[in-house]
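Peer 1: My structure is in model_7.cif, and what it holds is mmCIF, C-alpha atoms, pLDDT in the B column; chains and numbers go by the auth columns:
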data_work
loop_
_atom_site.group_PDB
_atom_site.id
_atom_site.type_symbol
_atom_site.label_atom_id
_atom_site.label_comp_id
_atom_site.label_asym_id
_atom_site.label_seq_id
_atom_site.Cartn_x
_atom_site.Cartn_y
_atom_site.Cartn_z
_atom_site.B_iso_or_equiv
_atom_site.auth_seq_id
_atom_site.auth_asym_id
ATOM 1 C CA ILE A 1 10.441 -11.546 78.692 45.00 6 A
ATOM 2 C CA SER A 2 13.287 -9.444 80.176 47.00 7 A
ATOM 3 C CA PHE A 3 14.554 -9.000 83.744 45.00 8 A
ATOM 4 C CA ALA A 4 15.059 -5.551 85.293 51.00 9 A
ATOM 5 C CA ALA A 5 17.616 -4.637 87.967 52.00 10 A
ATOM 6 C CA GLY A 6 16.701 -6.138 91.362 55.00 11 A
ATOM 7 C CA GLY A 7 15.310 -9.312 89.879 55.00 12 A
ATOM 8 C CA GLN A 8 12.013 -7.790 88.720 58.00 13 A
ATOM 9 C CA CYS A 9 10.737 -8.971 85.435 52.00 14 A
ATOM 10 C CA SER A 10 9.187 -6.589 82.966 53.00 15 A
ATOM 11 C CA PRO A 11 6.022 -7.367 80.971 51.00 16 A
ATOM 12 C CA PRO A 12 6.449 -8.596 77.411 48.00 17 A
ATOM 13 C CA ALA A 13 6.567 -5.950 74.710 45.00 18 A
ATOM 14 C CA ALA A 14 3.459 -5.467 72.580 42.00 19 A
ATOM 15 C CA THR A 15 3.507 -7.413 69.345 38.00 20 A
ATOM 16 C CA GLN A 16 2.245 -6.242 65.919 37.00 21 A
ATOM 17 C CA ASP A 17 0.168 -8.497 63.716 35.00 22 A
ATOM 18 C CA LEU A 18 1.780 -8.356 60.232 32.00 23 A
ATOM 19 C CA SER A 19 -0.260 -9.787 57.366 34.00 24 A
ATOM 20 C CA VAL A 20 0.997 -10.259 53.807 46.00 25 A
ATOM 21 C CA GLY A 21 -1.474 -9.027 51.168 57.00 26 A
ATOM 22 C CA THR A 22 -2.020 -10.419 47.714 74.00 27 A
ATOM 23 C CA PRO A 23 0.925 -9.292 45.533 79.00 28 A
ATOM 24 C CA ILE A 24 0.359 -7.001 42.582 79.00 29 A
ATOM 25 C CA ALA A 25 1.164 -8.425 39.171 81.00 30 A
ATOM 26 C CA THR A 26 2.555 -5.584 37.076 86.00 31 A
ATOM 27 C CA VAL A 27 2.043 -5.202 33.346 86.00 32 A
ATOM 28 C CA THR A 28 5.664 -4.617 32.426 80.00 33 A
ATOM 29 C CA ALA A 29 5.397 -4.323 28.642 79.00 34 A
ATOM 30 C CA VAL A 30 2.835 -3.675 25.917 83.00 35 A
ATOM 31 C CA ASN A 31 4.205 -3.369 22.399 84.00 36 A
ATOM 32 C CA PRO A 32 2.984 -3.504 18.789 86.00 37 A
ATOM 33 C CA LEU A 33 4.783 -6.249 16.870 78.00 38 A
ATOM 34 C CA SER A 34 4.590 -4.232 13.628 79.00 39 A
ATOM 35 C CA PRO A 35 3.912 -0.580 12.686 85.00 40 A
ATOM 36 C CA LEU A 36 0.446 0.667 13.601 91.00 41 A
ATOM 37 C CA LEU A 37 -1.506 1.496 10.429 91.00 42 A
ATOM 38 C CA ILE A 38 -5.140 2.537 10.301 92.00 43 A
ATOM 39 C CA HIS A 39 -7.514 -0.340 9.439 90.00 44 A
ATOM 40 C CA GLN A 40 -4.658 -2.876 9.410 89.00 45 A
ATOM 41 C CA ALA A 41 -4.555 -5.677 11.957 89.00 46 A
ATOM 42 C CA THR A 42 -1.450 -5.630 14.157 90.00 47 A
ATOM 43 C CA ARG A 43 -0.316 -8.063 16.843 92.00 48 A
ATOM 44 C CA ILE A 44 0.087 -6.474 20.292 93.00 49 A
ATOM 45 C CA SER A 45 2.184 -8.254 22.927 93.00 50 A
ATOM 46 C CA ALA A 46 1.975 -7.837 26.706 92.00 51 A
ATOM 47 C CA SER A 47 3.905 -9.273 29.669 93.00 52 A
ATOM 48 C CA VAL A 48 2.855 -9.467 33.327 93.00 53 A
ATOM 49 C CA THR A 49 5.369 -10.094 36.139 91.00 54 A
ATOM 50 C CA VAL A 50 5.567 -9.980 39.932 90.00 55 A
ATOM 51 C CA ALA A 51 8.283 -8.109 41.801 84.00 56 A
ATOM 52 C CA PRO A 52 10.586 -9.920 44.300 84.00 57 A
ATOM 53 C CA PRO A 53 10.283 -11.215 46.932 85.00 58 A
ATOM 54 C CA ASN A 54 6.947 -12.372 45.536 84.00 59 A
ATOM 55 C CA VAL A 55 7.064 -15.402 43.281 87.00 60 A
ATOM 56 C CA GLY A 56 4.795 -16.999 40.756 89.00 61 A
ATOM 57 C CA ILE A 57 3.771 -16.647 37.115 91.00 62 A
ATOM 58 C CA PRO A 58 0.612 -14.582 36.548 92.00 63 A
ATOM 59 C CA THR A 59 -2.269 -16.180 34.696 93.00 64 A
ATOM 60 C CA GLY A 60 -5.552 -14.712 33.506 94.00 65 A
ATOM 61 C CA THR A 61 -6.264 -12.101 30.862 94.00 66 A
ATOM 62 C CA VAL A 62 -5.011 -8.702 29.714 94.00 67 A
ATOM 63 C CA MET A 63 -7.318 -6.299 27.879 95.00 68 A
ATOM 64 C CA VAL A 64 -5.501 -4.135 25.322 95.00 69 A
ATOM 65 C CA ALA A 65 -7.170 -0.955 24.043 95.00 70 A
ATOM 66 C CA LEU A 66 -6.302 1.730 21.504 94.00 71 A
ATOM 67 C CA GLY A 67 -9.086 4.286 21.261 93.00 72 A
ATOM 68 C CA THR A 68 -12.268 2.318 20.563 93.00 73 A
ATOM 69 C CA ALA A 69 -10.341 -0.713 19.267 95.00 74 A
ATOM 70 C CA SER A 70 -9.521 -3.501 21.709 95.00 75 A
ATOM 71 C CA CYS A 71 -8.452 -7.133 21.995 95.00 76 A
ATOM 72 C CA SER A 72 -7.927 -9.650 24.791 96.00 77 A
ATOM 73 C CA ILE A 73 -4.796 -11.652 25.664 95.00 78 A
ATOM 74 C CA THR A 74 -4.896 -14.946 27.537 95.00 79 A
ATOM 75 C CA LEU A 75 -1.594 -15.140 29.391 94.00 80 A
ATOM 76 C CA ASN A 76 0.703 -18.099 28.797 95.00 81 A
ATOM 77 C CA ASN A 77 3.758 -18.146 31.076 93.00 82 A
ATOM 78 C CA GLY A 78 3.011 -14.529 31.925 92.00 83 A
ATOM 79 C CA SER A 79 2.805 -13.144 28.408 93.00 84 A
ATOM 80 C CA GLY A 80 0.862 -13.296 25.162 94.00 85 A
ATOM 81 C CA ASP A 81 -0.406 -11.281 22.225 93.00 86 A
ATOM 82 C CA CYS A 82 -3.622 -10.430 20.420 94.00 87 A
ATOM 83 C CA GLU A 83 -4.677 -8.854 17.132 94.00 88 A
ATOM 84 C CA LEU A 84 -5.856 -5.237 17.200 94.00 89 A
ATOM 85 C CA THR A 85 -7.085 -3.112 14.270 93.00 90 A
ATOM 86 C CA PRO A 86 -6.743 0.679 14.754 93.00 91 A
ATOM 87 C CA VAL A 87 -9.777 2.640 13.572 92.00 92 A
ATOM 88 C CA ALA A 88 -8.272 6.149 13.713 92.00 93 A
ATOM 89 C CA SER A 89 -4.912 7.692 12.818 93.00 94 A
ATOM 90 C CA GLY A 90 -2.721 10.027 14.842 94.00 95 A
ATOM 91 C CA SER A 91 -1.261 10.054 18.355 94.00 96 A
ATOM 92 C CA GLN A 92 -3.138 7.813 20.790 94.00 97 A
ATOM 93 C CA THR A 93 -2.704 5.881 24.040 94.00 98 A
ATOM 94 C CA LEU A 94 -2.168 2.122 23.950 94.00 99 A
ATOM 95 C CA SER A 95 -3.280 0.672 27.276 94.00 100 A
ATOM 96 C CA ALA A 96 -3.110 -2.791 28.847 93.00 101 A
ATOM 97 C CA SER A 97 -5.208 -3.818 31.871 94.00 102 A
ATOM 98 C CA TYR A 98 -4.536 -7.044 33.769 93.00 103 A
ATOM 99 C CA ALA A 99 -7.730 -8.390 35.301 91.00 104 A
ATOM 100 C CA GLY A 100 -5.993 -10.205 38.157 90.00 105 A
ATOM 101 C CA VAL A 101 -6.677 -13.654 39.640 92.00 106 A
ATOM 102 C CA THR A 102 -6.948 -15.072 43.155 89.00 107 A
ATOM 103 C CA GLN A 103 -3.169 -15.035 43.648 89.00 108 A
ATOM 104 C CA PHE A 104 -2.452 -11.638 42.056 91.00 109 A
ATOM 105 C CA GLN A 105 -4.014 -8.206 42.161 90.00 110 A
ATOM 106 C CA PRO A 106 -4.946 -6.401 38.918 91.00 111 A
ATOM 107 C CA SER A 107 -2.839 -3.651 37.385 91.00 112 A
ATOM 108 C CA ASN A 108 -2.591 -1.594 34.224 91.00 113 A
ATOM 109 C CA THR A 109 -0.140 0.391 32.147 92.00 114 A
ATOM 110 C CA SER A 110 -0.136 2.537 29.021 92.00 115 A
ATOM 111 C CA VAL A 111 2.256 3.839 26.378 92.00 116 A
ATOM 112 C CA ASP A 112 2.046 6.521 23.703 92.00 117 A
ATOM 113 C CA ALA A 113 1.339 5.175 20.233 93.00 118 A
ATOM 114 C CA SER A 114 1.111 6.686 16.779 93.00 119 A
ATOM 115 C CA VAL A 115 -1.152 5.257 14.077 94.00 120 A
ATOM 116 C CA ALA A 116 -0.090 6.131 10.537 93.00 121 A
ATOM 117 C CA LEU A 117 -2.042 6.302 7.299 92.00 122 A
ATOM 118 C CA ASN A 118 -1.516 3.443 4.873 90.00 123 A
ATOM 119 C CA PRO A 119 1.167 3.877 2.209 89.00 124 A
ATOM 120 C CA SER A 120 -0.184 4.439 -1.306 88.00 125 A
ATOM 121 C CA THR A 121 1.048 2.645 -4.416 88.00 126 A
ATOM 122 C CA PHE A 122 0.317 3.522 -8.028 88.00 127 A
ATOM 123 C CA GLN A 123 -0.341 1.713 -11.255 90.00 128 A
ATOM 124 C CA VAL A 124 -0.410 3.979 -14.317 92.00 129 A
ATOM 125 C CA THR A 125 -1.433 2.702 -17.751 93.00 130 A
ATOM 126 C CA SER A 126 -1.878 4.432 -21.096 94.00 131 A
ATOM 127 C CA SER A 127 -4.428 3.795 -23.851 94.00 132 A
ATOM 128 C CA ALA A 128 -1.805 4.414 -26.564 92.00 133 A
ATOM 129 C CA ASN A 129 1.944 4.275 -26.110 93.00 134 A
ATOM 130 C CA PRO A 130 3.453 5.549 -28.308 92.00 135 A
ATOM 131 C CA SER A 131 0.885 8.138 -29.327 92.00 136 A
ATOM 132 C CA THR A 132 0.854 10.753 -32.043 92.00 137 A
ATOM 133 C CA PRO A 133 1.070 14.530 -31.507 91.00 138 A
ATOM 134 C CA GLY A 134 -2.242 15.861 -30.182 90.00 139 A
ATOM 135 C CA GLN A 135 -3.832 12.412 -29.892 91.00 140 A
ATOM 136 C CA ALA A 136 -6.209 12.102 -26.953 92.00 141 A
ATOM 137 C CA VAL A 137 -4.487 9.638 -24.642 92.00 142 A
ATOM 138 C CA SER A 138 -6.331 8.130 -21.695 92.00 143 A
ATOM 139 C CA PHE A 139 -4.255 7.497 -18.611 92.00 144 A
ATOM 140 C CA THR A 140 -5.705 5.193 -15.974 93.00 145 A
ATOM 141 C CA VAL A 141 -4.347 5.521 -12.441 92.00 146 A
ATOM 142 C CA ALA A 142 -5.083 2.871 -9.818 91.00 147 A
ATOM 143 C CA ILE A 143 -4.272 3.550 -6.164 88.00 148 A
ATOM 144 C CA THR A 144 -3.813 0.636 -3.792 83.00 149 A
ATOM 145 C CA GLY A 145 -2.574 0.149 -0.261 72.00 150 A
ATOM 146 C CA VAL A 146 0.506 -1.763 0.821 54.00 151 A
ATOM 147 C CA ALA A 147 -0.360 -4.509 3.287 45.00 152 A
ATOM 148 C CA ALA A 148 1.822 -4.466 6.399 38.00 153 A
ATOM 149 C CA ALA A 149 3.794 -7.569 7.282 34.00 154 A
ATOM 150 C CA LEU A 150 2.032 -9.155 10.230 29.00 155 A
ATOM 151 C CA THR A 151 3.774 -11.475 12.636 27.00 156 A
ATOM 152 C CA VAL A 152 0.998 -14.035 12.924 27.00 157 A
ATOM 153 C CA SER A 153 -2.235 -13.132 11.239 25.00 158 A
ATOM 154 C CA VAL A 154 -3.299 -13.011 7.612 29.00 159 A
ATOM 155 C CA SER A 155 -3.395 -9.512 6.119 33.00 160 A
ATOM 156 C CA LYS A 156 -6.805 -7.908 6.230 38.00 161 A
ATOM 157 C CA ALA A 157 -8.435 -6.155 3.280 45.00 162 A
ATOM 158 C CA LEU A 158 -7.808 -2.424 3.266 63.00 163 A
ATOM 159 C CA ALA A 159 -10.311 0.337 2.735 78.00 164 A
ATOM 160 C CA VAL A 160 -10.754 1.458 -0.875 86.00 165 A
ATOM 161 C CA PRO A 161 -8.770 4.682 -1.571 90.00 166 A
ATOM 162 C CA THR A 162 -10.782 7.812 -2.351 91.00 167 A
ATOM 163 C CA GLY A 163 -9.714 11.330 -3.272 93.00 168 A
ATOM 164 C CA THR A 164 -8.328 13.018 -6.374 94.00 169 A
ATOM 165 C CA VAL A 165 -5.593 12.121 -8.857 94.00 170 A
ATOM 166 C CA THR A 166 -3.868 14.831 -10.925 94.00 171 A
ATOM 167 C CA LEU A 167 -1.640 14.064 -13.907 93.00 172 A
ATOM 168 C CA SER A 168 1.209 16.277 -15.028 93.00 173 A
ATOM 169 C CA ASP A 169 3.824 16.311 -17.759 93.00 174 A
ATOM 170 C CA GLY A 170 6.534 18.428 -16.242 93.00 175 A
ATOM 171 C CA ALA A 171 4.888 21.810 -15.633 93.00 176 A
ATOM 172 C CA THR A 172 1.879 20.940 -17.810 93.00 177 A
ATOM 173 C CA ASN A 173 -1.268 19.875 -15.989 94.00 178 A
ATOM 174 C CA LEU A 174 -2.930 17.118 -17.994 93.00 179 A
ATOM 175 C CA GLY A 175 -6.093 17.024 -15.871 92.00 180 A
ATOM 176 C CA SER A 176 -7.514 15.499 -12.702 93.00 181 A
ATOM 177 C CA ALA A 177 -10.268 13.105 -11.699 93.00 182 A
ATOM 178 C CA LEU A 178 -11.894 11.585 -8.633 94.00 183 A
ATOM 179 C CA LEU A 179 -11.098 7.994 -7.761 92.00 184 A
ATOM 180 C CA VAL A 180 -13.920 5.494 -8.245 91.00 185 A
ATOM 181 C CA ASP A 181 -13.298 2.081 -6.690 90.00 186 A
ATOM 182 C CA GLY A 182 -9.666 3.087 -6.303 90.00 187 A
ATOM 183 C CA SER A 183 -8.967 4.178 -9.887 92.00 188 A
ATOM 184 C CA ALA A 184 -9.446 7.154 -12.208 93.00 189 A
ATOM 185 C CA THR A 185 -9.085 7.736 -15.941 93.00 190 A
ATOM 186 C CA ILE A 186 -7.899 11.060 -17.365 93.00 191 A
ATOM 187 C CA SER A 187 -7.910 11.763 -21.102 92.00 192 A
ATOM 188 C CA SER A 188 -5.685 14.515 -22.438 91.00 193 A
ATOM 189 C CA PRO A 189 -4.827 15.811 -25.944 90.00 194 A
ATOM 190 C CA LEU A 190 -2.010 18.019 -24.609 90.00 195 A
ATOM 191 C CA LEU A 191 0.900 15.760 -25.504 91.00 196 A
ATOM 192 C CA THR A 192 1.964 17.463 -28.712 90.00 197 A
ATOM 193 C CA ALA A 193 5.755 17.550 -28.560 92.00 198 A
ATOM 194 C CA LEU A 194 7.611 14.647 -30.105 92.00 199 A
ATOM 195 C CA GLY A 195 9.746 12.520 -27.799 94.00 200 A
ATOM 196 C CA ASN A 196 9.501 10.965 -24.379 93.00 201 A
ATOM 197 C CA HIS A 197 7.176 12.494 -21.757 94.00 202 A
ATOM 198 C CA SER A 198 7.428 11.773 -18.018 94.00 203 A
ATOM 199 C CA ILE A 199 3.872 11.507 -16.690 94.00 204 A
ATOM 200 C CA VAL A 200 3.510 11.824 -12.921 93.00 205 A
ATOM 201 C CA ALA A 201 0.329 11.083 -10.965 93.00 206 A
ATOM 202 C CA ASN A 202 -0.243 13.027 -7.748 93.00 207 A
ATOM 203 C CA TYR A 203 -2.699 11.540 -5.254 94.00 208 A
ATOM 204 C CA SER A 204 -4.444 13.807 -2.750 94.00 209 A
ATOM 205 C CA GLY A 205 -4.727 11.156 -0.037 92.00 210 A
ATOM 206 C CA ASP A 206 -7.737 10.578 2.208 92.00 211 A
ATOM 207 C CA ALA A 207 -8.562 9.593 5.777 91.00 212 A
ATOM 208 C CA ASN A 208 -6.937 6.171 5.357 90.00 213 A
ATOM 209 C CA PHE A 209 -4.185 6.599 2.749 91.00 214 A
ATOM 210 C CA GLN A 210 -1.194 8.889 2.495 91.00 215 A
ATOM 211 C CA ALA A 211 -0.910 11.570 -0.168 93.00 216 A
ATOM 212 C CA ALA A 212 1.812 10.582 -2.615 92.00 217 A
ATOM 213 C CA ALA A 213 3.258 11.005 -6.084 92.00 218 A
ATOM 214 C CA SER A 214 3.953 8.182 -8.492 91.00 219 A
ATOM 215 C CA THR A 215 7.215 7.472 -10.184 92.00 220 A
ATOM 216 C CA ALA A 216 7.346 8.860 -13.716 93.00 221 A
ATOM 217 C CA PHE A 217 5.456 6.930 -16.386 93.00 222 A
ATOM 218 C CA ALA A 218 7.240 7.065 -19.777 94.00 223 A
ATOM 219 C CA GLN A 219 4.869 8.108 -22.581 93.00 224 A
ATOM 220 C CA MET A 220 6.342 8.327 -26.073 93.00 225 A
ATOM 221 C CA VAL A 221 4.951 10.725 -28.701 92.00 226 A
ATOM 222 C CA ALA A 222 6.078 9.863 -32.201 92.00 227 A
ATOM 223 C CA VAL A 223 5.232 10.662 -35.786 84.00 228 A
ATOM 224 C CA PRO A 224 2.900 8.001 -37.151 78.00 229 A
ATOM 225 C CA VAL A 225 4.544 5.640 -39.590 69.00 230 A
ATOM 226 C CA ALA A 226 3.078 5.994 -43.064 66.00 231 A
ATOM 227 C CA PRO A 227 1.806 2.733 -44.488 68.00 232 A
ATOM 228 C CA SER A 228 4.001 1.314 -47.204 67.00 233 A
ATOM 229 C CA ALA A 229 2.690 1.636 -50.748 62.00 234 A
ATOM 230 C CA THR A 230 1.275 -1.470 -52.321 69.00 235 A
ATOM 231 C CA PRO A 231 2.496 -1.944 -55.912 69.00 236 A
ATOM 232 C CA VAL A 232 -0.264 -1.841 -58.537 67.00 237 A
ATOM 233 C CA PRO A 233 0.075 -4.683 -60.963 70.00 238 A
ATOM 234 C CA SER A 234 0.665 -3.704 -64.564 65.00 239 A
ATOM 235 C CA LEU A 235 -2.253 -4.156 -66.922 64.00 240 A
ATOM 236 C CA GLY A 236 -0.054 -4.523 -69.976 55.00 241 A
#
Using the file provided, produce a representation of the structure as structure tokens.

Peer 2:
Amino acid sequence: ISFAAGGQCSPPAATQDLSVGTPIATVTAVNPLSPLLIHQATRISASVTVAPPNVGIPTGTVMVALGTASCSITLNNGSGDCELTPVASGSQTLSASYAGVTQFQPSNTSVDASVALNPSTFQVTSSANPSTPGQAVSFTVAITGVAAALTVSVSKALAVPTGTVTLSDGATNLGSALLVDGSATISSPLLTALGNHSIVANYSGDANFQAAASTAFAQMVAVPVAPSATPVPSLG
């Protein structure tokens, strides 16, 4: 209450009722703990905080989604992680949605993410090494995936590689074949020159595995060694 000139008092000023709403808990981070590879499980971490002057540590759950793949995090001291397995490659959106609790309102965030195809590794074997000029040599090529190093979980089995493998000896195409259960066998009689041949396998790649070329496989072509003569005993 205030007094005006002449001793008159003026009425009290109107007051405003200020109420404090439930603070918003913000998802401040959502990050893969290892590279995102299609069909490989990856740990995803998320953190939820409240901005000053609000205080407290958010509890509850965070739902993480990448395309149609998702996992749920139960917060511990405001953070946590879960295991997510991407089902498609390419550029995508990784989102995290905090469900909220009585003390904190829900919130969400998202980041751009890129899911890569799995690296391809080769195992090349030969049916005869060394071989002779023009001998039909069968080369077997097995394609496998390299399991990513996961922070917590055990590596999951990868999809079986499909596609085509082509063998070459320098500029000479030795043939091609489709992979069956991750391997292919190609037989070729084209290795006719004596000496060492560098055989390279080229893999076409597929929806899950990267196209790649193997390191050179050393195939030796040599003149066959003639069997030593066995002495014939004398009859006299």

Peer 1: So, counting all atoms listed in the file, which residue among A:Pro229, A:Pro91, A:Pro238, A:Gly168 is closest to Asn207 (chain A)?

Peer 2: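 So, comparing all the options, the nearest one is A:Gly168.
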
Peer 1: Where does the PyMOL selection byres ((chain A and resi 198) around 8) land in this file, that is, which residues does it pick, as a PyMOL selection string?

Peer 2: chain A and resi 138+196-197+199-200+226

Peer 1: Need the shell around region 188-191 of chain A: protein/DNA/RNA residues with any atom at most 8 Å away, counting all atoms listed in the file. Skip same-chain ones fewer than 4 positions apart. Format as a compact mmCIF listing (two decimals) with C-alpha atoms, in the coordinates of the input?

Peer 2:
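The resulting out-v3.txt:
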# COMPACT_ATOMS: atom_id res chain seq x y z
CA SER A 143 -6.33 8.13 -21.70
CA PHE A 144 -4.26 7.50 -18.61
CA THR A 145 -5.70 5.19 -15.97
CA VAL A 146 -4.35 5.52 -12.44
CA ALA A 147 -5.08 2.87 -9.82
CA ILE A 148 -4.27 3.55 -6.16
CA VAL A 170 -5.59 12.12 -8.86
CA LEU A 172 -1.64 14.06 -13.91
CA LEU A 179 -2.93 17.12 -17.99
CA GLY A 180 -6.09 17.02 -15.87
CA SER A 181 -7.51 15.50 -12.70
CA ALA A 182 -10.27 13.10 -11.70
CA LEU A 183 -11.89 11.58 -8.63
CA LEU A 184 -11.10 7.99 -7.76

Peer 1: Taking the file as shown, find all residues satisfying the PyMOL selection byres ((chain A and resi 100) around 12) and write them as a PyMOL selection string.

Peer 2: chain A and resi 32-37+49-51+67-77+89+97-99+101-103+112-118

Peer 1: Select, from A:Ser52, A:Asn134, A:Ser96, A:Ser39, the residue with the minimum atom-to-atom distance to Val120 (chain A), counting all atoms listed in the file.

Peer 2: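 The shortest atom-to-atom distance to Val120 (chain A) comes from A:Ser96.
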
Peer 1: Tell me which of A:Ser94, A:Thr126, A:Thr169, A:Ser132 sits closest to Ala212 (chain A), counting all atoms listed in the file.

Peer 2: A:Ser94

Peer 1: As lines of an AutoDock Vina configuration file, what would the box around region 187-205 of chain A look like: edges along x, y and z, 3 Å added on every side, centre and edge lengths in Å to one decimal?

Peer 2:
center_x = 0.0
center_y = 10.6
center_z = -18.2
size_x = 25.4
size_y = 20.9
size_z = 29.8

Peer 1: Report the residues retrieved by the PyMOL selection byres ((chain A and resi 88) around 6) from the displayed file, expressed as number ranges by chain.

Peer 2: A: 47-48, 87, 89

Peer 1: When you look at Ala56 (chain A) with a cut-off of 9 Å (counting all atoms listed in the file), what residues show up, excluding the ones that are within fewer than 2 positions of it in the same chain? I need them as a list in words.

Peer 2: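 Here the answer would be Pro28, Ile29, Ala30, Thr31, Thr54, Pro58, Asn59 and Val60 of chain A.
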
Peer 1: For the residues in that selection, give me C-alpha atoms as a compact mmCIF listing (two decimals), in the frame of the given file.

Peer 2:
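Full text of result.txt as output:
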# COMPACT_ATOMS: atom_id res chain seq x y z
CA PRO A 28 0.92 -9.29 45.53
CA ILE A 29 0.36 -7.00 42.58
CA ALA A 30 1.16 -8.43 39.17
CA THR A 31 2.56 -5.58 37.08
CA THR A 54 5.37 -10.09 36.14
CA PRO A 58 10.28 -11.22 46.93
CA ASN A 59 6.95 -12.37 45.54
CA VAL A 60 7.06 -15.40 43.28

Peer 1: Which of these residues is nearest to Leu42 (chain A), using all atoms listed in the file: A:Asn213, A:Thr79, A:Thr66, A:Gln224?

Peer 2: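 Nearest candidate to Leu42 (chain A) out of A:Asn213, A:Thr79, A:Thr66, A:Gln224: A:Asn213.
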
Peer 1: With all atoms listed in the file as the basis for distance, which of A:Ser219, A:Ser84, A:Gln108, A:Asn178 is at the shortest distance from Pro194 (chain A)?

Peer 2: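 Closest residue, counting all atoms listed in the file: A:Asn178.
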